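Listing of work.pdb; format and content: PDB, C-alpha atoms and all ligand atoms.
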```pdb
ATOM      1  CA  TYR A   1     -10.977   2.952  -1.776  1.00  0.00           C
ATOM      2  CA  LYS A   2      -7.403   3.865  -1.633  1.00  0.00           C
ATOM      3  CA  GLU A   3      -5.708   4.133  -4.987  1.00  0.00           C
ATOM      4  CA  THR A   4      -3.437   1.188  -4.306  1.00  0.00           C
ATOM      5  CA  ILE A   5      -6.473  -1.054  -3.862  1.00  0.00           C
ATOM      6  CA  LEU A   6      -7.824  -0.125  -7.264  1.00  0.00           C
ATOM      7  CA  GLU A   7      -4.394  -0.428  -8.825  1.00  0.00           C
ATOM      8  CA  HIS A   8      -4.020  -3.999  -7.518  1.00  0.00           C
ATOM      9  CA  TYR A   9      -7.562  -4.805  -8.572  1.00  0.00           C
ATOM     10  CA  ASN A  10      -7.106  -3.518 -12.114  1.00  0.00           C
ATOM     11  CA  HIS A  11      -3.588  -4.844 -12.610  1.00  0.00           C
ATOM     12  CA  PRO A  12      -3.088  -7.871 -10.370  1.00  0.00           C
ATOM     13  CA  ALA A  13       0.564  -8.799 -10.854  1.00  0.00           C
ATOM     14  CA  ASN A  14       0.072 -12.126  -9.096  1.00  0.00           C
ATOM     15  CA  SER A  15      -2.925 -13.423 -10.941  1.00  0.00           C
ATOM     16  CA  GLY A  16      -2.435 -16.685 -12.824  1.00  0.00           C
ATOM     17  CA  VAL A  17      -1.388 -20.259 -12.235  1.00  0.00           C
ATOM     18  CA  VAL A  18       1.768 -21.964 -11.001  1.00  0.00           C
ATOM     19  CA  LYS A  19       3.301 -24.763 -13.045  1.00  0.00           C
ATOM     20  CA  SER A  20       2.946 -28.071 -11.158  1.00  0.00           C
ATOM     21  CA  PRO A  21       1.980 -26.503  -7.821  1.00  0.00           C
ATOM     22  CA  ASP A  22       2.491 -28.349  -4.536  1.00  0.00           C
ATOM     23  CA  VAL A  23      -0.755 -27.021  -3.145  1.00  0.00           C
ATOM     24  CA  ILE A  24      -3.977 -25.587  -4.507  1.00  0.00           C
ATOM     25  CA  SER A  25      -6.309 -24.036  -1.974  1.00  0.00           C
ATOM     26  CA  LYS A  26      -9.679 -22.560  -2.761  1.00  0.00           C
ATOM     27  CA  ASP A  27     -12.394 -21.000  -0.666  1.00  0.00           C
ATOM     28  CA  TYR A  28     -15.245 -18.570  -0.939  1.00  0.00           C
ATOM     29  CA  ASN A  29     -16.921 -15.848   1.009  1.00  0.00           C
ATOM     30  CA  PRO A  30     -20.310 -17.285   2.025  1.00  0.00           C
ATOM     31  CA  ALA A  31     -21.778 -13.798   2.331  1.00  0.00           C
ATOM     32  CA  CYS A  32     -21.392 -13.058  -1.376  1.00  0.00           C
ATOM     33  CA  GLY A  33     -20.162 -16.224  -3.086  1.00  0.00           C
ATOM     34  CA  ASP A  34     -16.908 -14.698  -4.282  1.00  0.00           C
ATOM     35  CA  VAL A  35     -14.259 -17.326  -4.871  1.00  0.00           C
ATOM     36  CA  VAL A  36     -10.458 -17.243  -4.689  1.00  0.00           C
ATOM     37  CA  GLU A  37      -7.942 -19.980  -5.447  1.00  0.00           C
ATOM     38  CA  ILE A  38      -4.264 -19.812  -4.517  1.00  0.00           C
ATOM     39  CA  GLN A  39      -1.576 -22.060  -6.018  1.00  0.00           C
ATOM     40  CA  ILE A  40       1.832 -22.451  -4.421  1.00  0.00           C
ATOM     41  CA  LYS A  41       5.116 -24.119  -5.195  1.00  0.00           C
ATOM     42  CA  PHE A  42       7.405 -24.517  -2.202  1.00  0.00           C
ATOM     43  CA  GLU A  43      11.146 -24.914  -2.080  1.00  0.00           C
ATOM     44  CA  LYS A  44      12.387 -26.300   1.198  1.00  0.00           C
ATOM     45  CA  LYS A  45      10.254 -24.339   3.639  1.00  0.00           C
ATOM     46  CA  LYS A  46       9.870 -21.270   1.497  1.00  0.00           C
ATOM     47  CA  ILE A  47       7.196 -20.046  -0.845  1.00  0.00           C
ATOM     48  CA  LYS A  48       8.898 -20.115  -4.193  1.00  0.00           C
ATOM     49  CA  GLU A  49       6.030 -19.412  -6.573  1.00  0.00           C
ATOM     50  CA  ILE A  50       2.554 -18.250  -5.736  1.00  0.00           C
ATOM     51  CA  LYS A  51      -0.382 -17.130  -7.875  1.00  0.00           C
ATOM     52  CA  PHE A  52      -4.090 -16.621  -7.498  1.00  0.00           C
ATOM     53  CA  GLN A  53      -7.243 -16.735  -9.552  1.00  0.00           C
ATOM     54  CA  GLY A  54     -10.616 -15.554  -8.476  1.00  0.00           C
ATOM     55  CA  GLN A  55     -13.853 -13.771  -8.854  1.00  0.00           C
ATOM     56  CA  GLY A  56     -14.632 -11.185  -6.294  1.00  0.00           C
ATOM     57  CA  CYS A  57     -14.921  -7.609  -5.253  1.00  0.00           C
ATOM     58  CA  ALA A  58     -12.140  -5.035  -5.447  1.00  0.00           C
ATOM     59  CA  ILE A  59     -11.288  -5.507  -1.784  1.00  0.00           C
ATOM     60  CA  SER A  60     -11.006  -9.298  -1.880  1.00  0.00           C
ATOM     61  CA  LEU A  61      -8.979  -9.510  -5.071  1.00  0.00           C
ATOM     62  CA  SER A  62      -6.662  -6.589  -4.394  1.00  0.00           C
ATOM     63  CA  SER A  63      -6.077  -7.924  -0.878  1.00  0.00           C
ATOM     64  CA  VAL A  64      -4.960 -11.287  -2.263  1.00  0.00           C
ATOM     65  CA  ASP A  65      -2.635  -9.554  -4.708  1.00  0.00           C
ATOM     66  CA  ILE A  66      -1.114  -7.436  -1.932  1.00  0.00           C
ATOM     67  CA  LEU A  67      -0.912 -10.478   0.339  1.00  0.00           C
ATOM     68  CA  ILE A  68       0.968 -12.472  -2.276  1.00  0.00           C
ATOM     69  CA  ASP A  69       3.451  -9.628  -2.777  1.00  0.00           C
ATOM     70  CA  SER A  70       4.157  -9.728   0.933  1.00  0.00           C
ATOM     71  CA  VAL A  71       4.711 -13.494   1.259  1.00  0.00           C
ATOM     72  CA  LYS A  72       6.733 -14.289  -1.857  1.00  0.00           C
ATOM     73  CA  ASN A  73      10.004 -15.985  -0.890  1.00  0.00           C
ATOM     74  CA  LYS A  74       8.921 -15.982   2.734  1.00  0.00           C
ATOM     75  CA  SER A  75       9.020 -19.060   4.935  1.00  0.00           C
ATOM     76  CA  VAL A  76       6.021 -21.099   5.979  1.00  0.00           C
ATOM     77  CA  ASP A  77       6.657 -19.862   9.524  1.00  0.00           C
ATOM     78  CA  ASP A  78       6.321 -16.256   8.362  1.00  0.00           C
ATOM     79  CA  VAL A  79       2.911 -17.137   6.954  1.00  0.00           C
ATOM     80  CA  LYS A  80       1.897 -18.960  10.106  1.00  0.00           C
ATOM     81  CA  ASN A  81       2.869 -15.884  12.125  1.00  0.00           C
ATOM     82  CA  LEU A  82       1.074 -13.390   9.918  1.00  0.00           C
ATOM     83  CA  SER A  83      -1.949 -12.320  11.949  1.00  0.00           C
ATOM     84  CA  ASN A  84      -5.167 -10.841  10.601  1.00  0.00           C
ATOM     85  CA  GLU A  85      -4.372  -7.625  12.485  1.00  0.00           C
ATOM     86  CA  ASN A  86      -0.937  -7.253  10.938  1.00  0.00           C
ATOM     87  CA  PHE A  87      -2.228  -7.904   7.478  1.00  0.00           C
ATOM     88  CA  LEU A  88      -5.065  -5.394   7.876  1.00  0.00           C
ATOM     89  CA  LYS A  89      -2.532  -2.841   9.058  1.00  0.00           C
ATOM     90  CA  LYS A  90      -0.574  -3.458   5.883  1.00  0.00           C
ATOM     91  CA  LEU A  91      -3.695  -2.832   3.800  1.00  0.00           C
ATOM     92  CA  GLY A  92      -4.218   0.405   5.674  1.00  0.00           C
ATOM     93  CA  ILE A  93      -7.904   0.953   4.938  1.00  0.00           C
ATOM     94  CA  GLU A  94     -10.924   1.229   7.190  1.00  0.00           C
ATOM     95  CA  LEU A  95     -13.312  -1.661   6.629  1.00  0.00           C
ATOM     96  CA  SER A  96     -16.812  -2.504   7.769  1.00  0.00           C
ATOM     97  CA  PRO A  97     -17.314  -5.969   9.338  1.00  0.00           C
ATOM     98  CA  LEU A  98     -18.670  -7.331   6.058  1.00  0.00           C
ATOM     99  CA  ARG A  99     -15.724  -5.959   4.131  1.00  0.00           C
ATOM    100  CA  LEU A 100     -13.305  -7.415   6.661  1.00  0.00           C
ATOM    101  CA  LYS A 101     -14.343 -10.837   5.409  1.00  0.00           C
ATOM    102  CA  CYS A 102     -13.469  -9.721   1.869  1.00  0.00           C
ATOM    103  CA  ALA A 103     -10.075  -8.446   2.936  1.00  0.00           C
ATOM    104  CA  LEU A 104      -9.206 -11.568   4.923  1.00  0.00           C
ATOM    105  CA  LEU A 105     -10.409 -14.170   2.423  1.00  0.00           C
ATOM    106  CA  GLY A 106      -6.989 -14.496   0.791  1.00  0.00           C
ATOM    107  CA  LEU A 107      -5.146 -14.842   4.080  1.00  0.00           C
ATOM    108  CA  LYS A 108      -7.517 -17.588   5.175  1.00  0.00           C
ATOM    109  CA  ILE A 109      -6.900 -19.477   1.931  1.00  0.00           C
ATOM    110  CA  LEU A 110      -3.146 -18.936   2.118  1.00  0.00           C
ATOM    111  CA  LYS A 111      -3.009 -20.324   5.654  1.00  0.00           C
ATOM    112  CA  THR A 112      -5.082 -23.338   4.663  1.00  0.00           C
ATOM    113  CA  ALA A 113      -2.661 -23.935   1.795  1.00  0.00           C
ATOM    114  CA  VAL A 114       0.406 -23.740   4.017  1.00  0.00           C
ATOM    115  CA  TYR A 115      -1.084 -25.971   6.704  1.00  0.00           C
ATOM    116  CA  SER A 116      -2.206 -28.566   4.197  1.00  0.00           C
ATOM    117  CA  HIS A 117       1.281 -28.555   2.668  1.00  0.00           C
ATOM    118  CA  LEU A 118       2.833 -29.070   6.104  1.00  0.00           C
ATOM    119  CA  GLY A 119       0.285 -31.749   6.922  1.00  0.00           C
ATOM    120  CA  SER A 120       0.989 -33.673   3.749  1.00  0.00           C
ATOM    121  CA  LYS A 121       4.651 -34.097   4.651  1.00  0.00           C
TER     122      LYS A 121
HETATM  123 FE1  LIG A 201     -17.529 -10.823  -1.985  1.00  0.00          FE
HETATM  124 FE2  LIG A 201     -16.060  -8.951  -1.161  1.00  0.00          FE
HETATM  125  S1  LIG A 201     -18.115  -8.769  -1.732  1.00  0.00           S
HETATM  126  S2  LIG A 201     -15.532 -10.973  -1.293  1.00  0.00           S
END
```

Starting from the file, lay out its structure as structure tokens.
Ligand code: FES
Amino acid sequence: YKETILEHYNHPANSGVVKSPDVISKDYNPACGDVVEIQIKFEKKKIKEIKFQGQGCAISLSSVDILIDSVKNKSVDDVKNLSNENFLKKLGIELSPLRLKCALLGLKILKTAVYSHLGSK
């Protein structure tokens, strides 16, 4: 693993909960059972506060932490436009197909959260 992955895994700056979140989205990787939950508070159409909790491998949890860094204060449209490919490029590590699922778990949950927030309005 790259050092940044381990750094985010050992010291996840974005782990925790959001006070009175607008959306809570949770999902798991069926291949291993690892679980991640993301909580978000929106302001207008921007992500104002975002945190995660989870149990998973170094790749899944560090990816969520890195993902959250990259979407803080961004608009819901920015999240909608964030593709798997672009996010993987940001991570910058080579991953096997199984590990791809780990790396993309957070993005899947984040998108579900944003879409369910939009749908509830
Ligand atoms: Fe379970 Fe990576 S091994 S998410």

Assuming 6 Å of padding per side, give the centre and edge lengths of the axis-aligned box around every listed atom of ligand LIG 201 (chain A), in Å to one decimal and as AutoDock Vina command-line options.
```
--center_x -16.8 --center_y -9.9 --center_z -1.6 --size_x 14.6 --size_y 14.2 --size_z 12.8
```

When the PyMOL selection byres (((not hetatm)) within 8 of (chain A and resi 201)) is applied to the structure above, which residues does it catch, written out as a VMD selection string?
chain A and resid 28 to 29 31 to 35 56 to 61 98 to 99 101 to 103 105

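For the atom pair formed by CA of Ser62 in chain A and CA of Ser96 in chain A, the distance is 16.4 Å, given to one decimal.
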
Mind listing as a PyMOL selection string all residues within 12 Å of (-8.4, -6.0, -2.5), counting only C-alpha atoms?
chain A and resi 1-12+36+54-68+87-88+90-93+95+99-107

Matched chain/residue IDs from the PyMOL selection byres (((chain A and resi 110) around 12) and not hetatm), as a PyMOL selection string:
chain A and resi 23-27+36-40+47+50-52+63-65+67-68+70-72+76+78-80+82-84+104-109+111-117

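For the atom pair formed by CA of Asp77 in chain A and CA of Leu118 in chain A, the distance is 10.5 Å, given to one decimal.
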
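Using all atoms listed in the file, the smallest distance between any of A:Gln53, A:Glu85, A:Glu94, A:Gly119 and Asn14 in chain A comes from A:Gln53.
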
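Taking CA of Glu43 in chain A and CA of Asn86 in chain A as endpoints, the distance between them is 25.0 Å.
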
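Minimum atom-to-atom distance to Asp22 in chain A, evaluated using only C-alpha atoms, belongs to A:Ser120 out of A:Lys74, A:Lys89, A:Asp69, A:Ser120.
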